[in-house]
Amino acid sequence: MQVTDLPEAALPVWLQAALEPPPAALRRVRVTVDAVDGAHVRVGAETLLNFAGNDYLGLAGDPAVYDAAVSGAARWGVGGSASHLLSGHTRAHQAAEERAAAWLGFERALLFSSGYLANLAAVTALAGRGTSLYADRLNHACLNDAARLSGARLRRYRHADLDTLARWLAADPSPQKWVLTDAVFSMDGDIARIDRLLDLCHRFDAMLLVDDAHGFGVLGGGRGTLHEPTFAPAVFGGGRADPRVVLMVTLGKAAGVAGALLLGAAPLIDAVIQRGRSYIYTTALPPLLAEAAIAAIGRIADDECALRRRRLLAMAGQIRQGLAEAGIRCGADAGAWSAPTDDLPATPIVPIMLGTEKRAVAAMATLRRAGLWVPAIRPPTVPAGTARLRVSLSASHSTQHTDRLTHALKELFCDG
Ligand SMILES: *Cc1c(COP(=O)(O)O)cnc(C)c1O
């Protein structure tokens with residue numbers, strides 16, 4: 001038989017129907033970046049000012065981090081080779097864990113190749129049938145996925161609604177209770193009241209898992225949200241972290257590398273090593289990235305990054321103020337933890353609430369024509385009716401850059 005006689009290859013009809021893409025305003029598209037240069041990216045012939053990243057301190061291209069990765073490659077090669085429980089756990093991984101645990105004030109740390117895997121391992125290893133999980137409605141998707149995978153009972157409280165959480169905890173006869181929260185909400189930019197959540201956990205004998213993907217490197221002098229002066233006495237009053245607190249920080253955002261750390265009391269971290277399937281059954285993060293992570297932690301802790309942080313947080317405050325003065329609604333919804341409050345800084349995540357996905361997509365397209373990359377965030381990433389633009393600031397931005405953005409946003413929303 002000749003090749004030309006073969007029936008035309010096609011997917012089964014039932015599958016074609018299941019693969020029908022969503023309507024245009026909801027469709028997800030990838031943009032292929034050709035080059036990165038500080039705050040700018042090149043996409044084909046376009047040069048765009050990037051407000052769509054999470055490289056808050058500009059460390060993704062940092063020479064010290066880069067050098068550590070290169071010498072790490074020379075020492076260890078490129079691959080991770082094996083899982084941690086086979087031969088994949090190197091001196092580099094061990095050193096990164098020890099450095100992070102000491103600096104962040106926890107008994108032990110465990111290195112993962114992504115934050116998604118870290119949350120999955122933590123929740124599935126530490127909760128199961130018989131456990132009650134309480135989660136903020138605006139938590140990151142991976143905490144919800146982890147909760148579902150664990151088989152535990154999951155209840156999601158309205159964003160920041162601690163009265164409801166307290167009522168649910170009080171009425172729960174289960175002895176095993178966890179509260180799961182983002183520290184900085186990734187699409188809203190507000191900060192969870194860790195002090196009040198921890199207080200509830202003490203009152204109702206619950207544990208607290210804090211996902212600080214967006215606070216690590218940025219808040220608390222770089223050590224993250226728990227180290228903000230508002231929360232540190234509650235969390236670290238006894239010197240080391242309260243053993244009721246388990247922390248997850250990602251290394252792919254402000255640290256500019258990849259991977260994540262889970263931090264907590266020693267028996268708890270050991271239980272995750274024993275039972276965390278997304279820890280056990282995956283290849284270790286390449287050791288060169290563990291070396292890069294150590295260098296990145298060193299950078300986050302140094303004086304130069306302290307200056308970057310101060311500038312970044314000042315810019316975040318200025319941009320919110322500029323938008324508020326122009327009558328542009330940014331920041332969290334009524335009833336939420338508003339950001340900033342008197343005792344907490346404005347974070348570099350600035351949402352501009354637009355409601356419908358059509359409005360968000362149209363605004364993104366207009367800004368892109370002006371050379372600004374500000375992503376439209378739509379359901380299901382955010383609840384229906386709360387589509388928005390998400391501005392993400394970085395220390396790589398100058399005030400000239402943020403002025404350009406503010407100007408364009410005013411033109412889009414105020415003069416039109
Ligand atoms: C990005 C993010 C994660 C996932 O971390 P990765 O290392 O990218 O897998 C988890 N939680 C929150 C809140 C995030 O923003």
# chains A, B, ... in the order shown; residues from 1 in each chain; ligands from 1
$ closest_atom_pairs --of "chain A" --to "ligand 1" --cutoff "8 Å" --atoms "only C-alpha atoms and all ligand atoms" --output "JSON lines"
{"residue": "A:Ser113", "atom": "CA", "partner": "ligand 1", "partner_atom_place_in_ligand_line": "7 (O)", "distance": 7.2}
{"residue": "A:Ser114", "atom": "CA", "partner": "ligand 1", "partner_atom_place_in_ligand_line": "7 (O)", "distance": 3.8}
{"residue": "A:Gly115", "atom": "CA", "partner": "ligand 1", "partner_atom_place_in_ligand_line": "5 (O)", "distance": 3.4}
{"residue": "A:Tyr116", "atom": "CA", "partner": "ligand 1", "partner_atom_place_in_ligand_line": "9 (O)", "distance": 3.9}
{"residue": "A:Leu117", "atom": "CA", "partner": "ligand 1", "partner_atom_place_in_ligand_line": "9 (O)", "distance": 6.6}
{"residue": "A:Ala118", "atom": "CA", "partner": "ligand 1", "partner_atom_place_in_ligand_line": "9 (O)", "distance": 7.9}
{"residue": "A:Asn119", "atom": "CA", "partner": "ligand 1", "partner_atom_place_in_ligand_line": "10 (C)", "distance": 7.2}
{"residue": "A:Asn139", "atom": "CA", "partner": "ligand 1", "partner_atom_place_in_ligand_line": "13 (C)", "distance": 6.8}
{"residue": "A:His140", "atom": "CA", "partner": "ligand 1", "partner_atom_place_in_ligand_line": "13 (C)", "distance": 4.7}
{"residue": "A:Ala141", "atom": "CA", "partner": "ligand 1", "partner_atom_place_in_ligand_line": "11 (N)", "distance": 7.4}
{"residue": "A:Cys142", "atom": "CA", "partner": "ligand 1", "partner_atom_place_in_ligand_line": "10 (C)", "distance": 6.1}
{"residue": "A:Leu143", "atom": "CA", "partner": "ligand 1", "partner_atom_place_in_ligand_line": "11 (N)", "distance": 7.2}
{"residue": "A:Asp182", "atom": "CA", "partner": "ligand 1", "partner_atom_place_in_ligand_line": "13 (C)", "distance": 5.6}
{"residue": "A:Ala183", "atom": "CA", "partner": "ligand 1", "partner_atom_place_in_ligand_line": "13 (C)", "distance": 7.7}
{"residue": "A:Val184", "atom": "CA", "partner": "ligand 1", "partner_atom_place_in_ligand_line": "13 (C)", "distance": 7.2}
{"residue": "A:Phe185", "atom": "CA", "partner": "ligand 1", "partner_atom_place_in_ligand_line": "13 (C)", "distance": 6.5}
{"residue": "A:Ser186", "atom": "CA", "partner": "ligand 1", "partner_atom_place_in_ligand_line": "15 (O)", "distance": 5.1}
{"residue": "A:Asp211", "atom": "CA", "partner": "ligand 1", "partner_atom_place_in_ligand_line": "13 (C)", "distance": 5.8}
{"residue": "A:Asp212", "atom": "CA", "partner": "ligand 1", "partner_atom_place_in_ligand_line": "13 (C)", "distance": 6.5}
{"residue": "A:Ala213", "atom": "CA", "partner": "ligand 1", "partner_atom_place_in_ligand_line": "12 (C)", "distance": 4.8}
{"residue": "A:His214", "atom": "CA", "partner": "ligand 1", "partner_atom_place_in_ligand_line": "15 (O)", "distance": 6.1}
{"residue": "A:Thr250", "atom": "CA", "partner": "ligand 1", "partner_atom_place_in_ligand_line": "7 (O)", "distance": 4.9}
{"residue": "A:Leu251", "atom": "CA", "partner": "ligand 1", "partner_atom_place_in_ligand_line": "7 (O)", "distance": 6.5}
{"residue": "A:Gly252", "atom": "CA", "partner": "ligand 1", "partner_atom_place_in_ligand_line": "7 (O)", "distance": 5.5}
{"residue": "A:Lys253", "atom": "CA", "partner": "ligand 1", "partner_atom_place_in_ligand_line": "1 (C)", "distance": 7.3}
{"residue": "A:Ala258", "atom": "CA", "partner": "ligand 1", "partner_atom_place_in_ligand_line": "7 (O)", "distance": 6.4}
{"residue": "A:Gly259", "atom": "CA", "partner": "ligand 1", "partner_atom_place_in_ligand_line": "7 (O)", "distance": 5.3}
{"residue": "A:Ala260", "atom": "CA", "partner": "ligand 1", "partner_atom_place_in_ligand_line": "7 (O)", "distance": 5.7}
$ residues_around --residues "A:Leu226" --least-positions-apart "2" --cutoff "9 Å" --atoms "only C-alpha atoms" --output "number ranges by chain"
A: 183, 194-195, 210, 212, 215, 219-220, 223-224, 228-232, 234-236, 247
$ closest_residue --among "A:Thr406, A:Thr131, A:Gln176, A:Thr181" --to "A:Arg156" --atoms "only C-alpha atoms"
A:Thr181
$ atom_distance --atom1 "atom CA of A:Gly317" --atom2 "atom CA of A:Pro345"
7.8 Å
$ select_by_dssp --residues "stretch 116-230 of chain A" --states "helix (DSSP H, G or I)" --output "PyMOL selection string"
chain A and resi 116-126+141-150+162-171+194-203+220-222+225-227
$ atom_distance --atom1 "atom CA of A:Val31" --atom2 "atom CA of A:Pro375"
10.8 Å
$ closest_atom_pairs --of "stretch 175-247 of chain A" --to "stretch 294-312 of chain A" --cutoff "7 Å" --atoms "only C-alpha atoms" --output "JSON lines"
{"residue": "A:Gly217", "atom": "CA", "partner": "A:Ile300", "partner_atom": "CA", "distance": 5.9}
{"residue": "A:Val218", "atom": "CA", "partner": "A:Arg309", "partner_atom": "CA", "distance": 6.1}
{"residue": "A:Gly221", "atom": "CA", "partner": "A:Ala306", "partner_atom": "CA", "distance": 6.9}
{"residue": "A:Gly222", "atom": "CA", "partner": "A:Ile300", "partner_atom": "CA", "distance": 5.8}
$ write_last_selection --atoms "all heavy atoms" --output "CSV table (one decimal), in the first residue's frame"
chain,number,residue,atom,x,y,z
A,217,GLY,N,10.9,38.0,49.3
A,217,GLY,CA,11.8,38.8,48.5
A,217,GLY,C,11.3,40.3,48.5
A,217,GLY,O,12.1,41.2,48.3
A,218,VAL,N,10.0,40.5,48.7
A,218,VAL,CA,9.4,41.8,48.6
A,218,VAL,C,9.1,42.5,49.9
A,218,VAL,O,9.4,43.6,50.2
A,218,VAL,CB,8.1,41.7,47.7
A,218,VAL,CG1,7.4,43.0,47.6
A,218,VAL,CG2,8.5,41.2,46.3
A,221,GLY,N,11.4,42.9,54.8
A,221,GLY,CA,12.9,43.0,54.6
A,221,GLY,C,13.4,41.9,53.7
A,221,GLY,O,14.6,41.5,53.7
A,222,GLY,N,12.5,41.4,52.8
A,222,GLY,CA,12.9,40.3,51.9
A,222,GLY,C,12.6,38.9,52.4
A,222,GLY,O,12.5,38.0,51.6
$ closest_atom_pairs --of "stretch 81-123 of chain A" --to "stretch 73-76 of chain A" --cutoff "12 Å" --atoms "only C-alpha atoms" --output "JSON lines"
{"residue": "A:Ser81", "atom": "CA", "partner": "A:Trp76", "partner_atom": "CA", "distance": 9.9}
{"residue": "A:Gly88", "atom": "CA", "partner": "A:Trp76", "partner_atom": "CA", "distance": 10.9}
{"residue": "A:His89", "atom": "CA", "partner": "A:Trp76", "partner_atom": "CA", "distance": 11.6}
{"residue": "A:Thr90", "atom": "CA", "partner": "A:Trp76", "partner_atom": "CA", "distance": 9.0}
{"residue": "A:Arg91", "atom": "CA", "partner": "A:Trp76", "partner_atom": "CA", "distance": 10.3}
{"residue": "A:Ala92", "atom": "CA", "partner": "A:Trp76", "partner_atom": "CA", "distance": 9.1}
{"residue": "A:His93", "atom": "CA", "partner": "A:Trp76", "partner_atom": "CA", "distance": 11.4}
$ closest_residue --among "A:Cys330, A:Ala387, A:Leu126, A:Val249" --to "A:Ala362" --atoms "only C-alpha atoms"
A:Ala387
$ atom_distance --atom1 "atom CA of A:Gly256" --atom2 "atom CA of A:Leu59"
4.8 Å
$ decode --residues "stretch 148-163 of chain A" --atoms "N, CA and C atoms" --output "short mmCIF file (atom, residue, chain, number, x, y, z; two decimals), in the first residue's frame"
data_model
loop_
_atom_site.label_atom_id
_atom_site.label_comp_id
_atom_site.auth_asym_id
_atom_site.auth_seq_id
_atom_site.Cartn_x
_atom_site.Cartn_y
_atom_site.Cartn_z
N ARG A 148 -8.31 19.45 46.96
CA ARG A 148 -9.16 18.43 46.34
C ARG A 148 -8.46 17.09 46.28
N LEU A 149 -7.18 17.13 45.91
CA LEU A 149 -6.42 15.88 45.77
C LEU A 149 -6.25 15.17 47.11
N SER A 150 -6.26 15.92 48.20
CA SER A 150 -6.01 15.32 49.53
C SER A 150 -7.18 14.48 50.02
N GLY A 151 -8.38 14.71 49.46
CA GLY A 151 -9.54 13.98 49.94
C GLY A 151 -10.12 14.55 51.22
N ALA A 152 -9.53 15.63 51.74
CA ALA A 152 -10.06 16.25 52.96
C ALA A 152 -11.31 17.06 52.62
N ARG A 153 -12.06 17.42 53.67
CA ARG A 153 -13.23 18.26 53.46
C ARG A 153 -12.75 19.70 53.27
N LEU A 154 -13.18 20.33 52.18
CA LEU A 154 -12.73 21.70 51.88
C LEU A 154 -13.90 22.67 51.98
N ARG A 155 -13.71 23.73 52.76
CA ARG A 155 -14.70 24.82 52.77
C ARG A 155 -13.97 26.11 52.45
N ARG A 156 -14.52 26.88 51.51
CA ARG A 156 -13.86 28.12 51.10
C ARG A 156 -14.66 29.31 51.62
N TYR A 157 -14.00 30.15 52.43
CA TYR A 157 -14.68 31.32 52.99
C TYR A 157 -14.51 32.52 52.07
N ARG A 158 -15.51 33.42 52.12
CA ARG A 158 -15.45 34.64 51.32
C ARG A 158 -14.13 35.35 51.63
N HIS A 159 -13.55 35.96 50.61
CA HIS A 159 -12.23 36.58 50.77
C HIS A 159 -12.16 37.44 52.03
N ALA A 160 -11.21 37.12 52.90
CA ALA A 160 -10.91 37.91 54.09
C ALA A 160 -12.00 37.86 55.16
N ASP A 161 -12.98 37.00 55.00
CA ASP A 161 -14.12 36.98 55.93
C ASP A 161 -13.79 36.12 57.16
N LEU A 162 -13.12 36.73 58.10
CA LEU A 162 -12.66 35.97 59.27
C LEU A 162 -13.79 35.64 60.24
N ASP A 163 -14.87 36.39 60.20
CA ASP A 163 -16.01 36.07 61.07
C ASP A 163 -16.60 34.72 60.66
#
